[in-house]
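Colleague: To be precise about what I am sending: the file is called target15.txt and holds compact mmCIF, N, CA and C atoms.
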```txt
# COMPACT_ATOMS: atom_id res chain seq x y z
N MET C 80 4.90 4.04 40.20
CA MET C 80 4.61 4.26 38.81
C MET C 80 3.93 3.03 38.22
N ILE C 81 3.02 3.28 37.28
CA ILE C 81 2.21 2.21 36.68
C ILE C 81 2.43 2.22 35.17
N ILE C 82 2.52 1.02 34.59
CA ILE C 82 2.59 0.86 33.13
C ILE C 82 1.34 0.11 32.69
N LYS C 83 0.61 0.68 31.74
CA LYS C 83 -0.57 0.02 31.17
C LYS C 83 -0.31 -0.22 29.68
N ASN C 84 -0.62 -1.43 29.25
CA ASN C 84 -0.42 -1.83 27.86
C ASN C 84 -1.70 -1.57 27.07
N LEU C 85 -1.64 -0.61 26.16
CA LEU C 85 -2.80 -0.28 25.33
C LEU C 85 -2.58 -0.72 23.88
N THR C 86 -1.90 -1.87 23.71
CA THR C 86 -1.76 -2.51 22.40
C THR C 86 -2.64 -3.76 22.44
N PRO C 87 -2.91 -4.37 21.28
CA PRO C 87 -3.83 -5.52 21.28
C PRO C 87 -3.22 -6.85 21.71
N HIS C 88 -1.97 -6.84 22.14
CA HIS C 88 -1.31 -8.10 22.50
C HIS C 88 -0.42 -7.91 23.72
N PRO C 89 -0.08 -8.98 24.42
CA PRO C 89 0.82 -8.87 25.56
C PRO C 89 2.20 -8.38 25.12
N ILE C 90 2.87 -7.66 25.99
CA ILE C 90 4.24 -7.21 25.73
C ILE C 90 5.16 -8.03 26.62
N ASN C 91 6.06 -8.78 26.00
CA ASN C 91 7.04 -9.59 26.73
C ASN C 91 8.31 -8.77 26.92
N ILE C 92 8.74 -8.62 28.16
CA ILE C 92 10.01 -7.95 28.46
C ILE C 92 11.05 -9.05 28.64
N CYS C 93 12.16 -8.94 27.90
CA CYS C 93 13.19 -9.98 27.90
C CYS C 93 14.48 -9.47 28.51
N ASN C 94 15.25 -10.39 29.07
CA ASN C 94 16.59 -10.03 29.56
C ASN C 94 17.58 -10.16 28.40
N ASN C 95 18.85 -9.93 28.68
CA ASN C 95 19.87 -9.97 27.62
C ASN C 95 20.03 -11.35 27.00
N ALA C 96 19.61 -12.39 27.69
CA ALA C 96 19.68 -13.76 27.17
C ALA C 96 18.46 -14.09 26.31
N GLY C 97 17.52 -13.15 26.20
CA GLY C 97 16.32 -13.37 25.41
C GLY C 97 15.22 -14.10 26.15
N GLU C 98 15.36 -14.25 27.46
CA GLU C 98 14.35 -14.92 28.27
C GLU C 98 13.31 -13.91 28.73
N VAL C 99 12.06 -14.29 28.68
CA VAL C 99 10.98 -13.42 29.11
C VAL C 99 10.99 -13.33 30.63
N THR C 100 11.12 -12.10 31.15
CA THR C 100 11.17 -11.88 32.59
C THR C 100 9.89 -11.22 33.13
N ARG C 101 9.10 -10.67 32.21
CA ARG C 101 7.84 -10.03 32.61
C ARG C 101 6.91 -9.97 31.41
N VAL C 102 5.64 -10.14 31.66
CA VAL C 102 4.63 -10.01 30.62
C VAL C 102 3.64 -8.93 31.06
N ILE C 103 3.45 -7.95 30.20
CA ILE C 103 2.50 -6.88 30.48
C ILE C 103 1.29 -7.12 29.59
N GLN C 104 0.20 -7.55 30.21
CA GLN C 104 -1.01 -7.90 29.46
C GLN C 104 -1.70 -6.66 28.90
N SER C 105 -2.42 -6.86 27.81
CA SER C 105 -3.19 -5.78 27.20
C SER C 105 -4.33 -5.36 28.12
N GLU C 106 -4.54 -4.04 28.23
CA GLU C 106 -5.63 -3.50 29.05
C GLU C 106 -6.54 -2.61 28.22
N GLY C 107 -6.42 -2.69 26.93
CA GLY C 107 -7.23 -1.84 26.06
C GLY C 107 -6.54 -1.64 24.74
N LEU C 108 -7.01 -0.70 23.97
CA LEU C 108 -6.45 -0.47 22.64
C LEU C 108 -6.59 1.00 22.27
N VAL C 109 -5.50 1.56 21.80
CA VAL C 109 -5.51 2.92 21.28
C VAL C 109 -5.27 2.83 19.78
N ARG C 110 -6.11 3.51 19.03
CA ARG C 110 -5.95 3.57 17.58
C ARG C 110 -6.12 5.02 17.14
N LEU C 111 -5.53 5.33 15.99
CA LEU C 111 -5.76 6.63 15.39
C LEU C 111 -6.90 6.52 14.40
N LYS C 112 -7.78 7.50 14.39
CA LYS C 112 -8.82 7.54 13.36
C LYS C 112 -8.10 7.63 12.02
N ALA C 113 -8.59 6.91 11.03
CA ALA C 113 -7.93 6.90 9.72
C ALA C 113 -8.96 7.00 8.61
N VAL C 114 -8.60 7.77 7.60
CA VAL C 114 -9.43 7.91 6.41
C VAL C 114 -8.53 7.65 5.21
N THR C 115 -8.99 6.80 4.30
CA THR C 115 -8.23 6.51 3.09
C THR C 115 -8.85 7.30 1.94
N VAL C 116 -8.00 8.08 1.25
CA VAL C 116 -8.48 8.92 0.15
C VAL C 116 -7.72 8.58 -1.13
N PRO C 117 -8.36 8.75 -2.28
CA PRO C 117 -7.69 8.49 -3.55
C PRO C 117 -6.49 9.43 -3.72
N ALA C 118 -5.41 8.90 -4.30
CA ALA C 118 -4.21 9.71 -4.52
C ALA C 118 -3.66 9.50 -5.93
N GLY C 119 -4.53 9.08 -6.85
CA GLY C 119 -4.10 8.92 -8.22
C GLY C 119 -4.07 7.48 -8.68
N GLU C 120 -3.21 7.26 -9.66
CA GLU C 120 -3.10 5.96 -10.29
C GLU C 120 -1.69 5.78 -10.80
N ILE C 121 -1.17 4.57 -10.69
CA ILE C 121 0.15 4.25 -11.24
C ILE C 121 0.00 3.00 -12.08
N ASP C 122 0.28 3.13 -13.36
CA ASP C 122 0.24 2.01 -14.29
C ASP C 122 -1.09 1.26 -14.21
N GLY C 123 -2.19 2.01 -14.12
CA GLY C 123 -3.51 1.40 -14.09
C GLY C 123 -3.97 0.91 -12.72
N VAL C 124 -3.13 1.08 -11.71
CA VAL C 124 -3.47 0.62 -10.36
C VAL C 124 -3.83 1.83 -9.49
N PRO C 125 -4.99 1.80 -8.84
CA PRO C 125 -5.36 2.92 -7.96
C PRO C 125 -4.36 3.05 -6.80
N VAL C 126 -4.03 4.29 -6.46
CA VAL C 126 -3.16 4.60 -5.34
C VAL C 126 -3.96 5.42 -4.35
N THR C 127 -3.82 5.09 -3.08
CA THR C 127 -4.53 5.83 -2.04
C THR C 127 -3.54 6.38 -1.01
N GLN C 128 -4.05 7.24 -0.18
CA GLN C 128 -3.26 7.81 0.91
C GLN C 128 -4.09 7.74 2.17
N THR C 129 -3.48 7.32 3.27
CA THR C 129 -4.18 7.26 4.53
C THR C 129 -3.86 8.50 5.35
N GLU C 130 -4.91 9.16 5.80
CA GLU C 130 -4.75 10.35 6.64
C GLU C 130 -5.18 9.98 8.05
N PHE C 131 -4.30 10.22 9.01
CA PHE C 131 -4.57 9.85 10.40
C PHE C 131 -5.05 11.07 11.19
N GLY C 132 -5.96 10.80 12.12
CA GLY C 132 -6.53 11.87 12.94
C GLY C 132 -6.34 11.62 14.42
N GLN C 133 -7.37 11.90 15.18
CA GLN C 133 -7.34 11.80 16.64
C GLN C 133 -7.14 10.37 17.13
N ALA C 134 -6.53 10.27 18.30
CA ALA C 134 -6.37 8.96 18.96
C ALA C 134 -7.68 8.59 19.65
N GLU C 135 -8.08 7.33 19.48
CA GLU C 135 -9.28 6.82 20.13
C GLU C 135 -8.86 5.81 21.18
N GLY C 136 -9.39 5.94 22.39
CA GLY C 136 -9.11 4.99 23.46
C GLY C 136 -7.95 5.36 24.35
N LEU C 137 -7.37 6.54 24.16
CA LEU C 137 -6.23 6.96 24.98
C LEU C 137 -6.72 7.79 26.17
N PRO C 138 -6.44 7.33 27.38
CA PRO C 138 -6.83 8.10 28.56
C PRO C 138 -6.09 9.44 28.62
N GLU C 139 -6.65 10.37 29.36
CA GLU C 139 -5.98 11.65 29.60
C GLU C 139 -4.69 11.40 30.38
N PHE C 140 -3.76 12.34 30.30
CA PHE C 140 -2.51 12.25 31.05
C PHE C 140 -2.83 12.10 32.53
N GLN C 141 -2.13 11.18 33.18
CA GLN C 141 -2.29 10.96 34.61
C GLN C 141 -0.90 10.79 35.21
N GLU C 142 -0.51 11.65 36.09
CA GLU C 142 0.82 11.61 36.71
C GLU C 142 1.10 10.22 37.26
N GLY C 143 2.28 9.67 36.92
CA GLY C 143 2.69 8.37 37.44
C GLY C 143 2.21 7.18 36.65
N THR C 144 1.43 7.41 35.58
CA THR C 144 0.95 6.32 34.74
C THR C 144 1.52 6.46 33.34
N PHE C 145 2.05 5.35 32.82
CA PHE C 145 2.61 5.32 31.47
C PHE C 145 1.82 4.32 30.64
N TYR C 146 1.70 4.60 29.35
CA TYR C 146 0.92 3.76 28.45
C TYR C 146 1.80 3.25 27.31
N ILE C 147 1.79 1.91 27.12
CA ILE C 147 2.47 1.33 25.96
C ILE C 147 1.49 1.42 24.79
N VAL C 148 1.96 2.02 23.70
CA VAL C 148 1.14 2.21 22.50
C VAL C 148 1.97 1.84 21.27
N SER C 149 1.37 1.88 20.11
CA SER C 149 2.11 1.64 18.87
C SER C 149 3.01 2.83 18.55
N GLN C 150 4.02 2.61 17.74
CA GLN C 150 4.90 3.70 17.32
C GLN C 150 4.12 4.75 16.54
N LEU C 151 3.12 4.33 15.77
CA LEU C 151 2.30 5.25 15.00
C LEU C 151 1.56 6.22 15.93
N VAL C 152 0.97 5.69 16.99
CA VAL C 152 0.26 6.54 17.97
C VAL C 152 1.24 7.47 18.66
N LYS C 153 2.37 6.95 19.11
CA LYS C 153 3.36 7.77 19.81
C LYS C 153 3.86 8.91 18.90
N SER C 154 4.12 8.59 17.65
CA SER C 154 4.62 9.60 16.70
C SER C 154 3.57 10.69 16.43
N ALA C 155 2.30 10.32 16.46
CA ALA C 155 1.22 11.28 16.21
C ALA C 155 1.00 12.22 17.38
N LEU C 156 1.51 11.85 18.56
CA LEU C 156 1.28 12.63 19.78
C LEU C 156 2.60 12.97 20.47
N PRO C 157 3.46 13.74 19.81
CA PRO C 157 4.81 13.99 20.35
C PRO C 157 4.84 14.73 21.69
N ASP C 158 3.76 15.40 22.06
CA ASP C 158 3.73 16.14 23.32
C ASP C 158 3.36 15.28 24.52
N ARG C 159 2.91 14.05 24.27
CA ARG C 159 2.53 13.16 25.38
C ARG C 159 3.79 12.46 25.91
N THR C 160 4.22 12.86 27.08
CA THR C 160 5.44 12.30 27.69
C THR C 160 5.18 10.98 28.40
N ASP C 161 3.93 10.54 28.42
CA ASP C 161 3.56 9.31 29.12
C ASP C 161 3.41 8.11 28.19
N LEU C 162 3.79 8.26 26.93
CA LEU C 162 3.64 7.17 25.97
C LEU C 162 4.96 6.43 25.77
N LEU C 163 4.87 5.10 25.78
CA LEU C 163 6.04 4.24 25.61
C LEU C 163 5.78 3.27 24.46
N VAL C 164 6.86 2.80 23.83
CA VAL C 164 6.75 1.80 22.77
C VAL C 164 7.77 0.70 23.03
N PRO C 165 7.49 -0.53 22.58
CA PRO C 165 8.49 -1.58 22.72
C PRO C 165 9.77 -1.19 21.98
N ALA C 166 10.92 -1.41 22.63
CA ALA C 166 12.23 -1.06 22.04
C ALA C 166 13.18 -2.23 22.22
N GLU C 167 14.25 -2.22 21.45
CA GLU C 167 15.25 -3.29 21.50
C GLU C 167 14.57 -4.65 21.33
N VAL C 168 13.92 -4.80 20.20
CA VAL C 168 13.13 -6.00 19.91
C VAL C 168 14.02 -7.24 19.91
N VAL C 169 13.53 -8.31 20.51
CA VAL C 169 14.23 -9.61 20.56
C VAL C 169 13.50 -10.56 19.62
N ARG C 170 14.26 -11.18 18.71
CA ARG C 170 13.69 -12.10 17.73
C ARG C 170 14.32 -13.48 17.84
N ASP C 171 13.58 -14.49 17.40
CA ASP C 171 14.15 -15.84 17.35
C ASP C 171 14.92 -16.00 16.05
N GLU C 172 15.47 -17.19 15.82
CA GLU C 172 16.30 -17.44 14.64
C GLU C 172 15.53 -17.33 13.33
N LYS C 173 14.21 -17.39 13.38
CA LYS C 173 13.37 -17.26 12.19
C LYS C 173 12.87 -15.83 11.98
N GLY C 174 13.23 -14.94 12.89
CA GLY C 174 12.82 -13.55 12.78
C GLY C 174 11.52 -13.20 13.48
N ASN C 175 10.92 -14.17 14.15
CA ASN C 175 9.69 -13.91 14.89
C ASN C 175 9.99 -13.11 16.16
N ILE C 176 9.15 -12.15 16.47
CA ILE C 176 9.35 -11.32 17.66
C ILE C 176 8.99 -12.11 18.91
N LEU C 177 9.95 -12.17 19.84
CA LEU C 177 9.73 -12.81 21.14
C LEU C 177 9.33 -11.80 22.20
N GLY C 178 9.84 -10.59 22.07
CA GLY C 178 9.57 -9.55 23.05
C GLY C 178 10.50 -8.38 22.82
N CYS C 179 10.74 -7.61 23.87
CA CYS C 179 11.63 -6.46 23.79
C CYS C 179 12.43 -6.38 25.07
N LYS C 180 13.58 -5.71 24.99
CA LYS C 180 14.43 -5.54 26.17
C LYS C 180 14.07 -4.31 26.97
N SER C 181 13.42 -3.35 26.32
CA SER C 181 13.11 -2.10 27.03
C SER C 181 11.88 -1.46 26.42
N LEU C 182 11.44 -0.39 27.05
CA LEU C 182 10.35 0.43 26.54
C LEU C 182 10.92 1.79 26.20
N GLY C 183 10.66 2.25 24.99
CA GLY C 183 11.24 3.50 24.53
C GLY C 183 10.31 4.68 24.69
N ARG C 184 10.92 5.82 24.96
CA ARG C 184 10.17 7.08 25.06
C ARG C 184 10.22 7.71 23.72
```
Could you render the structure as structure tokens?

Modeller:
Amino acid sequence: MIIKNLTPHPINICNNAGEVTRVIQSEGLVRLKAVTVPAGEIDGVPVTQTEFGQAEGLPEFQEGTFYIVSQLVKSALPDRTDLLVPAEVVRDEKGNILGCKSLGR
């Protein structure tokens, strides 16, 4: 089985002690097409709404290959069983993300 990282940054996999045990480098980028449309005004401030469409940069399903993507992409494509997202995020004492303990389906 193969895991490909389609986010714009490396994914650090950490053990329970918070130590990085594996780094999965970025191999591309998947984004959803987005259009911002007016949605009114609140107290004189324009309000907009973002409408998301098709995924760009996502390969077709391939048996034995899994793709790490953003939660937004994964949520937009619930039928794709090959999409993974970073899960069990590990942070330092200042709240900065160090990595994750697992990949979520």

Colleague: Would you list the contacts of Arg101 (chain C) as a list in words, taking every protein, DNA or RNA residue within 7 Å and counting only N, CA and C atoms, but skipping same-chain residues closer than 2 positions in sequence?

Modeller: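 After dropping sequence-adjacent residues, the list is Ile90, Asn91, Ile92, Cys93, Asn94, Glu98, Val99 and Ile103 of chain C.
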
Colleague: Which is closest to His88 (chain C) among C:Ala134, C:Leu156, C:Val148, C:Leu163, if we use only C-alpha atoms?

Modeller: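 With only C-alpha atoms as the atom set, the closest residue is C:Val148.
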
Colleague: What's the 8 Å shell around region 168-175 of chain C, counting only N, CA and C atoms, without same-chain residues fewer than 4 positions away, as a list in words?

Modeller: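 Listed by chain and then number, they are Cys93, Gly97, Cys179, Lys180 and Ser181 of chain C.
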
Colleague: Given the choices C:Ala113, C:Ala118, C:Val126, C:Ala166, which gets closest to Gly178 (chain C) if the distance is worked out from only N, CA and C atoms?

Modeller: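 The shortest atom-to-atom distance to Gly178 (chain C) comes from C:Ala166.
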
Colleague: Quick one: residues within 5 Å of Lys112 (chain C), all atoms listed in the file, excluding same-chain residues fewer than 2 positions away - as a compact mmCIF listing (two decimals) with N, CA and C atoms, in the coordinates of the input?

Modeller:
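Dumped to part_5.txt:
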```txt
# COMPACT_ATOMS: atom_id res chain seq x y z
N ARG C 110 -6.11 3.51 19.03
CA ARG C 110 -5.95 3.57 17.58
C ARG C 110 -6.12 5.02 17.14
N VAL C 114 -8.60 7.77 7.60
CA VAL C 114 -9.43 7.91 6.41
C VAL C 114 -8.53 7.65 5.21
N PHE C 131 -4.30 10.22 9.01
CA PHE C 131 -4.57 9.85 10.40
C PHE C 131 -5.05 11.07 11.19
N GLY C 132 -5.96 10.80 12.12
CA GLY C 132 -6.53 11.87 12.94
C GLY C 132 -6.34 11.62 14.42
N GLN C 133 -7.37 11.90 15.18
CA GLN C 133 -7.34 11.80 16.64
C GLN C 133 -7.14 10.37 17.13
N ALA C 134 -6.53 10.27 18.30
CA ALA C 134 -6.37 8.96 18.96
C ALA C 134 -7.68 8.59 19.65
```

Colleague: Name all residues at most 6 Å from Lys83 (chain C) (count only N, CA and C atoms; drop same-chain ones fewer than 2 positions away) and give them as a PyMOL selection string.

Modeller: chain C and resi 81+85+106+145-147

Colleague: Which residue is closest to Val152 (chain C)? Choose from C:Asn95, C:Glu135, C:Ser105, C:Phe140 and count only C-alpha atoms.

Modeller: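 For Val152 (chain C), the nearest of the given residues is C:Glu135.
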
Colleague: How far is it from CA of Val164 (chain C) to CA of Thr129 (chain C), in Å with one decimal?

Modeller: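 So the answer is 22.0 Å.
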
Colleague: So the first atom is atom C of Thr144 (chain C) and the second is CA of Ile82 (chain C); what is the distance between them in Å, to one decimal place?

Modeller: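 Separating atom C of Thr144 (chain C) from CA of Ile82 (chain C) is a distance of 5.7 Å.
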
Colleague: Could you state the separation of CA of Pro89 (chain C) and atom N of Gln104 (chain C) in Å, given to one decimal place?

Modeller: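 Answer for the CA of Pro89 (chain C) to atom N of Gln104 (chain C) separation: 4.9 Å.
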
Colleague: Run DSSP on the backbone and give me the residues of region 84-178 of chain C it puts in helix (DSSP H, G or I), as an MDAnalysis selection string.

Modeller: chainID C and resid 150:155

Colleague: Enumerate as a list in words all residues of region 109-156 of chain C assigned to strand (DSSP E or B) by DSSP on the backbone, naming them with the chain letters and numbers the document uses.

Modeller: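 Written out, the strand (DSSP E or B) residues of region 109-156 of chain C are Arg110, Leu111, Lys112, Ala113, Val114, Thr115, Val116, Pro117, Ala118, Gly119, Glu120, Ile121, Val124, Pro125, Val126, Thr127, Gln128, Thr129, Glu130, Phe131, Gly132, Gln133, Ala134, Glu135, Thr144, Phe145, Tyr146 and Ile147 of chain C.
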